Amino acid sequence: MLAHKIHLISKSNPLRYLMKNPVPSSRMTRWILALSEFDIQVVSPTAKKSQALAELLAAFPTTGMDVDQPDLPGELQEIALIEEPEWQLMFDGAASAGGGGIGIVLIGPESQVITKTYKLLYSCSNNEAEYEALITGLELAESKNVKRLLIKGDSRLAIQQLKGEFAVKEPALAKYRTKAQQILQNFQGYRLEHVVRSQNRYADALATLASKMDVRKDQHAVITIEAKGIMEAGPSNMKEDDWIVSIKSKLMEGKMADYKTVRHFHIEEGTLYFKAPTGVLARCLSKEEASCKVKEVHEQVCGMDGAPLARRLLRAGYYWQEM
């Protein structure tokens with residue numbers, strides 16, 4: 001090292017002062033004498049990038065400089081932490097004259113859904129019903145060993161009070177918030193989110209249904225909901241007359257020349273309907289079917305005062321060409 005010039009890069013002001021302005025006093029003098037045999041030139045760092053690069057190389061040496069570092073006694077090995085999946089709780093409460101109702105929807109990370117609805121057998125305010133739904137939902141989630149929970153509700157008051165953004169001014173709600181805060185401490189993590197009612201329709205429907213039903217204590221009501229498609233009108237057994245076939249074909253062709261003829265008719269699922277000036281819709285009948293309907297309606301209204309038979313038939317939803 002004596003044959004080479006040494007550039008000392010240092011941000012230490014005392015060391016730079018020592019090399020540039022030596023002061024012969026006590027210990028500092030001995031340092032100067034010890035370093036004087038080296039050709040040392042103090043240089044300030046030109047940029048922070050070089051310092052960062054040096055620190056990076058020191059922290060992560062190259063492969064050729066790797067040194068085996070044995071585990072120190074008592075050193076803890078790194079453990080990969082597995083984050084618990086987050087469940088979603090949606091709640092809603094409804095109050096009515098006959099007692100309140102609460103609805104709870106608990107959704108798991110694998111889209112499993114648990115629904116609960118309860119009838120409150122006492123008179124309560126809507127805010128109290130909301131808190132009842134929230135607390136019952138938290139207890140349900142806790143019983144399912146849920147660790148992390150996203151809580152959604154359309155009660156702005158309950159959500160903001162639990163967040164600490166709204167103060168509790170009603171003594172009746174103070175006990176509810178305290179109970180909810182105690183249960184929330186049992187979860188590893190939770191989030192509170194206020195949603196509009198349209199995004200909480202499932203829980204809202206359950207709460208409304210429970211509040212309207214008359215359920216006694218220790219009684220369970222089982223409700224089955226099945227999906228049902230749009231009703232389709234069955235085909236008529238009567239043969240269509242030529243005038244019905246003619247108007248249907250003109251409507252499907254859409255020719256403007258026939259507008260005056262077909263403007264009061266339209267086709268719905270293959271059936272021809274007549275629209276009266278009053279707005280009444282009536283199904284077009286063949287002569288054979290019209291004869292049957294005339295007898296049927298006449299037997300019902302025979303001897304009764306009121307509108308003429310033709311008008312009654314039109315109200316009943318029947319029309320034919322000779323009316």
# chains A, B, ... in the order shown; residues from 1 in each chain; ligands from 1

$ residues_around --residues "region 284-286 of chain A" --least-positions-apart "6" --cutoff "9 Å" --atoms "only C-alpha atoms" --output "list in words"
Met238, Lys239, Glu240, Asp241, Asp242, Trp243, Ile244, Thr271, Leu272, Tyr273, Phe274, Gly317, Tyr318, Tyr319, Trp320 and Gln321 of chain A

$ write_last_selection --atoms "all heavy atoms" --output "compact mmCIF listing (two decimals), in the first residue's frame"
# COMPACT_ATOMS: atom_id res chain seq x y z
N MET A 238 -107.95 -24.03 -30.57
CA MET A 238 -108.83 -23.58 -31.64
C MET A 238 -108.00 -23.19 -32.86
O MET A 238 -106.93 -22.60 -32.74
CB MET A 238 -109.65 -22.37 -31.17
CG MET A 238 -110.56 -22.66 -29.99
SD MET A 238 -111.93 -23.74 -30.47
CE MET A 238 -112.84 -23.83 -28.92
N LYS A 239 -108.56 -23.49 -34.05
CA LYS A 239 -107.90 -23.13 -35.29
C LYS A 239 -108.09 -21.64 -35.55
O LYS A 239 -109.19 -21.11 -35.40
CB LYS A 239 -108.47 -23.96 -36.43
CG LYS A 239 -107.79 -23.71 -37.76
CD LYS A 239 -108.40 -24.57 -38.86
CE LYS A 239 -107.72 -24.29 -40.19
NZ LYS A 239 -108.31 -25.11 -41.29
N GLU A 240 -107.01 -20.96 -35.94
CA GLU A 240 -107.09 -19.53 -36.20
C GLU A 240 -107.81 -19.27 -37.51
O GLU A 240 -107.61 -19.98 -38.50
CB GLU A 240 -105.69 -18.92 -36.24
CG GLU A 240 -104.98 -18.94 -34.89
CD GLU A 240 -103.61 -18.29 -34.99
OE1 GLU A 240 -103.07 -18.20 -36.11
OE2 GLU A 240 -103.06 -17.88 -33.94
N ASP A 241 -108.67 -18.23 -37.52
CA ASP A 241 -109.36 -17.84 -38.74
C ASP A 241 -108.39 -17.15 -39.69
O ASP A 241 -107.30 -16.72 -39.31
CB ASP A 241 -110.53 -16.89 -38.40
CG ASP A 241 -111.67 -17.63 -37.72
OD1 ASP A 241 -111.61 -18.87 -37.67
OD2 ASP A 241 -112.59 -16.95 -37.23
N ASP A 242 -108.87 -17.02 -40.94
CA ASP A 242 -108.01 -16.43 -41.96
C ASP A 242 -107.65 -14.98 -41.65
O ASP A 242 -106.55 -14.53 -41.95
CB ASP A 242 -108.71 -16.51 -43.32
CG ASP A 242 -108.86 -17.95 -43.81
OD1 ASP A 242 -108.10 -18.80 -43.31
OD2 ASP A 242 -109.73 -18.20 -44.66
N TRP A 243 -108.58 -14.23 -41.04
CA TRP A 243 -108.28 -12.81 -40.77
C TRP A 243 -107.16 -12.68 -39.73
O TRP A 243 -106.35 -11.75 -39.79
CB TRP A 243 -109.54 -12.08 -40.34
CG TRP A 243 -110.02 -12.42 -38.94
CD1 TRP A 243 -110.84 -13.44 -38.60
CD2 TRP A 243 -109.71 -11.71 -37.75
NE1 TRP A 243 -111.06 -13.46 -37.25
CE2 TRP A 243 -110.40 -12.38 -36.70
CE3 TRP A 243 -108.96 -10.59 -37.45
CZ2 TRP A 243 -110.32 -11.96 -35.37
CZ3 TRP A 243 -108.88 -10.16 -36.13
CH2 TRP A 243 -109.55 -10.83 -35.11
N ILE A 244 -107.11 -13.59 -38.78
CA ILE A 244 -106.05 -13.56 -37.76
C ILE A 244 -104.70 -13.89 -38.39
O ILE A 244 -103.69 -13.22 -38.16
CB ILE A 244 -106.37 -14.55 -36.62
CG1 ILE A 244 -107.65 -14.14 -35.89
CG2 ILE A 244 -105.20 -14.64 -35.65
CD1 ILE A 244 -108.07 -15.09 -34.79
N THR A 271 -99.26 -14.95 -30.13
CA THR A 271 -100.70 -14.73 -30.00
C THR A 271 -101.04 -13.31 -30.44
O THR A 271 -100.34 -12.36 -30.06
CB THR A 271 -101.16 -14.95 -28.54
OG1 THR A 271 -100.81 -16.28 -28.15
CG2 THR A 271 -102.67 -14.78 -28.41
N LEU A 272 -102.11 -13.15 -31.21
CA LEU A 272 -102.52 -11.84 -31.72
C LEU A 272 -103.45 -11.18 -30.71
O LEU A 272 -104.41 -11.79 -30.23
CB LEU A 272 -103.22 -12.00 -33.07
CG LEU A 272 -103.63 -10.69 -33.76
CD1 LEU A 272 -102.39 -9.88 -34.14
CD2 LEU A 272 -104.48 -10.99 -34.99
N TYR A 273 -103.14 -9.90 -30.38
CA TYR A 273 -103.95 -9.13 -29.44
C TYR A 273 -104.45 -7.86 -30.12
O TYR A 273 -103.76 -7.27 -30.97
CB TYR A 273 -103.14 -8.74 -28.20
CG TYR A 273 -102.86 -9.89 -27.28
CD1 TYR A 273 -101.75 -10.70 -27.47
CD2 TYR A 273 -103.70 -10.16 -26.20
CE1 TYR A 273 -101.48 -11.76 -26.62
CE2 TYR A 273 -103.43 -11.22 -25.34
CZ TYR A 273 -102.32 -12.02 -25.56
OH TYR A 273 -102.06 -13.07 -24.71
N PHE A 274 -105.67 -7.45 -29.72
CA PHE A 274 -106.26 -6.20 -30.20
C PHE A 274 -106.21 -5.17 -29.07
O PHE A 274 -106.58 -5.48 -27.92
CB PHE A 274 -107.71 -6.41 -30.63
CG PHE A 274 -108.46 -5.15 -30.93
CD1 PHE A 274 -108.26 -4.47 -32.11
CD2 PHE A 274 -109.35 -4.61 -30.00
CE1 PHE A 274 -108.96 -3.29 -32.38
CE2 PHE A 274 -110.05 -3.44 -30.26
CZ PHE A 274 -109.85 -2.78 -31.46
N GLY A 317 -111.20 -9.59 -22.03
CA GLY A 317 -110.00 -9.88 -22.80
C GLY A 317 -110.25 -10.67 -24.06
O GLY A 317 -109.36 -11.41 -24.50
N TYR A 318 -111.44 -10.50 -24.66
CA TYR A 318 -111.76 -11.24 -25.88
C TYR A 318 -112.15 -10.25 -26.98
O TYR A 318 -112.85 -9.25 -26.75
CB TYR A 318 -112.91 -12.22 -25.64
CG TYR A 318 -112.67 -13.17 -24.48
CD1 TYR A 318 -113.53 -13.18 -23.39
CD2 TYR A 318 -111.57 -14.03 -24.49
CE1 TYR A 318 -113.31 -14.05 -22.33
CE2 TYR A 318 -111.34 -14.88 -23.43
CZ TYR A 318 -112.20 -14.88 -22.34
OH TYR A 318 -111.97 -15.73 -21.30
N TYR A 319 -111.74 -10.58 -28.22
CA TYR A 319 -112.07 -9.74 -29.39
C TYR A 319 -112.12 -10.63 -30.62
O TYR A 319 -111.34 -11.56 -30.75
CB TYR A 319 -111.03 -8.64 -29.56
CG TYR A 319 -111.21 -7.83 -30.82
CD1 TYR A 319 -112.12 -6.78 -30.85
CD2 TYR A 319 -110.52 -8.15 -31.99
CE1 TYR A 319 -112.31 -6.03 -32.01
CE2 TYR A 319 -110.71 -7.40 -33.16
CZ TYR A 319 -111.59 -6.36 -33.16
OH TYR A 319 -111.80 -5.63 -34.29
N TRP A 320 -113.09 -10.32 -31.51
CA TRP A 320 -113.11 -10.94 -32.82
C TRP A 320 -113.59 -9.92 -33.85
O TRP A 320 -114.04 -8.83 -33.48
CB TRP A 320 -113.96 -12.22 -32.83
CG TRP A 320 -115.42 -12.03 -32.51
CD1 TRP A 320 -116.44 -11.89 -33.41
CD2 TRP A 320 -116.01 -11.96 -31.23
NE1 TRP A 320 -117.62 -11.74 -32.77
CE2 TRP A 320 -117.39 -11.79 -31.41
CE3 TRP A 320 -115.50 -12.06 -29.93
CZ2 TRP A 320 -118.28 -11.68 -30.35
CZ3 TRP A 320 -116.39 -11.94 -28.88
CH2 TRP A 320 -117.76 -11.78 -29.08
N GLN A 321 -113.48 -10.28 -35.07
CA GLN A 321 -113.63 -9.30 -36.14
C GLN A 321 -115.03 -8.71 -36.21
O GLN A 321 -115.20 -7.54 -36.59
CB GLN A 321 -113.24 -9.95 -37.48
CG GLN A 321 -112.97 -8.94 -38.59
CD GLN A 321 -112.46 -9.63 -39.84
OE1 GLN A 321 -112.70 -10.82 -40.05
NE2 GLN A 321 -111.75 -8.88 -40.67

$ residues_around --residues "Tyr118 (chain A)" --least-positions-apart "4" --cutoff "7 Å" --atoms "only C-alpha atoms" --output "ChimeraX atom specification"
/A:101-103,210

$ closest_residue --among "A:Leu56, A:Asp258, A:Ala34, A:Leu314" --to "Gly279 (chain A)" --atoms "only C-alpha atoms"
A:Leu314

$ closest_residue --among "A:Gln88, A:Ser96, A:Asn127, A:Ser211" --to "Ala158 (chain A)" --atoms "only C-alpha atoms"
A:Asn127

$ atom_distance --atom1 "CA of Lys147 (chain A)" --atom2 "CA of Gly93 (chain A)"
24.1 Å

$ atom_distance --atom1 "CA of Ala180 (chain A)" --atom2 "CA of Lys116 (chain A)"
18.2 Å

$ residues_around --residues "Glu132 (chain A)" --least-positions-apart "5" --cutoff "12 Å" --atoms "only C-alpha atoms" --output "ChimeraX atom specification"
/A:91-95,100-104,117-120,122,124-127,137-139,155,158,172-173,175-177,179-180,207

$ select_by_dssp --residues "region 76-121 of chain A" --states "strand (DSSP E)" --output "list in words"
Glu86, Trp87, Gln88, Leu89, Met90, Phe91, Asp92, Gly93, Ala94, Gly101, Ile102, Gly103, Ile104, Val105, Leu106, Ile107, Val113, Ile114, Thr115, Lys116, Thr117, Tyr118 and Lys119 of chain A
